[in-house]
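I have placed the structure first, in the form of structure tokens, so that the comments after it can refer back to it.
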Amino acid sequence: MEAPPVAIGCLGVILFAGGACTKNTLDLFDPDLGLLGHWALDESQPGSTAVDSSVFADPGRPSNNPPIPTQDTPPVHFRDPYSLSFNGQDQWIDLGNPPLLNNGGPASVSAWIRATAIDGLRDIIAHGYSSSPAYDFALRIESGTYVFTMWDGINDHWAVTSIPSDDVGKWVHLCGVFDGTAYYLYRNGALAAMTADATAPQPNVDVAWAIGAHPLTSTTADRQFEGEIDDVRFYGRPLLAAEVDELYRR
């Protein structure tokens, strides 16, 4: 079946990444098309810088008590020697605030997780939160649900789905997509929730991105994730449903 036109995606190649387009269609899913950040979390030593393997190379800095590399990894078909284990208390990766991740508008974010706690607020990857301006953009666990959200101080603009009981302690692939018209949340390649909402993430918000928590200071954080995280990706374009499925099956 021929894929739908991707003129915007081709523009994304020029602006954001070094992918290749045909005349007017995307023949095969290119996992680098529009990829603005990719933290594989394959470092073997605790405290190592989290390498961004996208062409933009924005590394992540581990917390003083760093997440621990583990060879427990998700069931993927590419080389994946390690994931990172987070203790739910004082471990995270600070990504700073790279300009390319601060443009607002359509975007996609994905990660493999193996959660061992699903209570409270537990960030997988988040930009914020901030109280001035009021802002939060995140893929997270929240009180027994998976959430892809943008909060503007007044409303949550999000897609939310309950976590199946047997997901706890198992590897799950999550992907959040905002395409300019709706927020989508995918679990293991399949659409789990969608909310029609054209409210876009804000650009130029002066707050850090992080994996595994929301840092408050150099030594403290809240919204700490407990479990393992692997292969975190941020795209400056909305992935199509078929692309999300291909990303899950890689």
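Ligands are numbered from 1 in the order shown, chains are lettered A, B, ... in the order of the structure tokens, and residues start at 1 in each chain.
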
| message | I'd like to know which residues of region 88-235 of chain A are strand (DSSP E or B) (by DSSP, run on the backbone); could you write them as number ranges by chain? | response | A: 93-96, 107-115, 121-131, 134-142, 145-151, 156-162, 172-178, 182-187, 190-196, 209-211, 214-215, 221-222, 226-235

Let me see the file: selected residues, C-alpha atoms, as a CSV table (one decimal), in the first residue's frame.
```csv
chain,number,residue,atom,x,y,z
A,93,ILE,CA,19.3,12.5,33.2
A,94,ASP,CA,19.3,16.3,32.7
A,95,LEU,CA,19.1,17.1,29.0
A,96,GLY,CA,19.3,20.9,29.4
A,107,ALA,CA,6.2,16.7,17.8
A,108,SER,CA,6.5,13.1,18.8
A,109,VAL,CA,8.3,11.5,21.8
A,110,SER,CA,8.9,7.8,22.5
A,111,ALA,CA,10.6,5.5,24.9
A,112,TRP,CA,10.7,1.9,26.1
A,113,ILE,CA,10.0,1.5,29.8
A,114,ARG,CA,9.8,-1.2,32.4
A,115,ALA,CA,8.0,0.4,35.2
A,121,LEU,CA,3.6,11.4,39.0
A,122,ARG,CA,6.5,9.6,37.3
A,123,ASP,CA,8.2,11.4,34.4
A,124,ILE,CA,9.6,9.3,31.6
A,125,ILE,CA,10.7,12.3,29.6
A,126,ALA,CA,9.5,15.9,30.3
A,127,HIS,CA,10.1,19.5,29.5
A,128,GLY,CA,9.3,21.3,32.7
A,129,TYR,CA,7.3,21.8,34.7
A,130,SER,CA,7.5,25.6,35.0
A,131,SER,CA,5.3,27.9,36.9
A,134,ALA,CA,3.0,27.9,33.4
A,135,TYR,CA,4.1,24.9,31.3
A,136,ASP,CA,4.6,21.2,31.3
A,137,PHE,CA,5.2,18.8,28.3
A,138,ALA,CA,5.7,15.2,29.2
A,139,LEU,CA,5.4,11.5,28.5
A,140,ARG,CA,4.8,10.1,32.0
A,141,ILE,CA,3.0,7.7,34.4
A,142,GLU,CA,0.3,9.4,36.5
A,145,THR,CA,-2.3,5.8,33.7
A,146,TYR,CA,0.0,6.5,30.8
A,147,VAL,CA,-0.1,10.2,29.9
A,148,PHE,CA,1.1,12.3,27.0
A,149,THR,CA,0.4,15.9,28.0
A,150,MET,CA,0.9,19.6,27.6
A,151,TRP,CA,-0.2,21.8,30.5
A,156,ASP,CA,-4.3,19.7,30.5
A,157,HIS,CA,-4.1,19.0,26.8
A,158,TRP,CA,-3.5,15.3,26.7
A,159,ALA,CA,-4.1,11.8,25.8
A,160,VAL,CA,-4.5,9.4,28.7
A,161,THR,CA,-5.0,5.6,29.0
A,162,SER,CA,-5.2,3.2,32.0
A,172,VAL,CA,6.3,-1.5,27.1
A,173,HIS,CA,6.9,0.9,24.2
A,174,LEU,CA,5.1,4.3,24.5
A,175,CYS,CA,4.8,7.1,21.9
A,176,GLY,CA,3.1,10.4,22.2
A,177,VAL,CA,2.2,12.4,19.1
A,178,PHE,CA,0.9,15.9,18.6
A,182,ALA,CA,-4.9,16.1,18.4
A,183,TYR,CA,-2.9,14.4,21.1
A,184,TYR,CA,-2.3,10.7,20.5
A,185,LEU,CA,-0.8,8.1,22.8
A,186,TYR,CA,0.4,4.7,21.5
A,187,ARG,CA,1.2,1.6,23.6
A,190,ALA,CA,-1.2,0.6,18.8
A,191,LEU,CA,-3.3,3.7,19.4
A,192,ALA,CA,-4.4,3.7,23.1
A,193,ALA,CA,-5.9,7.2,23.4
A,194,MET,CA,-6.6,10.3,21.4
A,195,THR,CA,-8.0,13.7,22.3
A,196,ALA,CA,-8.9,16.2,19.6
A,209,TRP,CA,14.2,18.6,29.7
A,210,ALA,CA,14.9,15.5,31.7
A,211,ILE,CA,14.6,11.7,31.6
A,214,HIS,CA,11.8,16.7,37.1
A,215,PRO,CA,15.0,18.2,38.6
A,221,ALA,CA,14.0,16.2,42.0
A,222,ASP,CA,10.3,15.2,42.0
A,226,GLU,CA,11.0,3.9,39.2
A,227,GLY,CA,12.1,1.1,36.8
A,228,GLU,CA,14.0,1.1,33.6
A,229,ILE,CA,14.0,3.4,30.6
A,230,ASP,CA,15.6,2.8,27.2
A,231,ASP,CA,15.8,4.3,23.7
A,232,VAL,CA,14.3,7.7,24.2
A,233,ARG,CA,13.5,9.7,21.0
A,234,PHE,CA,12.2,13.1,20.2
A,235,TYR,CA,10.9,14.0,16.7
```

| task | Could you tell me, as a PyMOL selection string, which residues of region 50-230 of chain A DSSP assigns to helix (DSSP H, G or I) when given the backbone? | result | chain A and resi 99-101+165-167

Would you save the residues of that selection, restricted to C-alpha atoms, as a compact mmCIF listing (two decimals), in the first residue's frame?
```txt
# COMPACT_ATOMS: atom_id res chain seq x y z
CA PRO A 99 16.87 25.09 21.09
CA LEU A 100 15.73 22.42 18.62
CA LEU A 101 13.63 20.82 21.37
CA SER A 165 -2.08 -4.53 35.40
CA ASP A 166 0.29 -6.89 33.63
CA ASP A 167 2.35 -3.98 32.24
```

| said: Under the rule that only C-alpha atoms are counted, which of A:Gln202, A:Pro81, A:Phe56, A:Arg61 is the nearest residue to Ala40 (chain A)? | reply: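 The shortest atom-to-atom distance to Ala40 (chain A) comes from A:Pro81.
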
| Minimum-distance residue to Gly180 (chain A), chosen among A:Gly104, A:Gly144, A:Arg250, A:Gln91 (using only C-alpha atoms) |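 Of A:Gly104, A:Gly144, A:Arg250, A:Gln91, the one nearest Gly180 (chain A), counting only C-alpha atoms, is A:Gly104.
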
| field | Distance criterion (only C-alpha atoms): nearest to Pro201 (chain A) out of A:Gly37, A:Gly88, A:Pro62, A:Gly105 | value | A:Gly105

| query | Closest to Glu43 (chain A) among A:Pro66, A:Pro98, A:Pro74, A:Pro106, using only C-alpha atoms? | reply | A:Pro66

| query | So which residues touch Ser54 (chain A) within 7 Å, counting only C-alpha atoms, skipping near sequence neighbours fewer than 5 positions away, as a list in words? | reply |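 With the cut-off at 7 Å, the set is Leu35, Leu36, Gly37 and His38 of chain A.
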
| field | Computed interatomic separation between CA of Asp197 (chain A) and CA of Asp179 (chain A) (Å) | value |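 Atom-to-atom, CA of Asp197 (chain A) to CA of Asp179 (chain A), that is 9.5 Å.
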
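If you count only C-alpha atoms and ignore residues fewer than 4 places along the chain from Pro67 (chain A), what sits within 7 Å of it is Pro46, Leu84, Ser85, Phe86, Gln91 and Trp92 of chain A.
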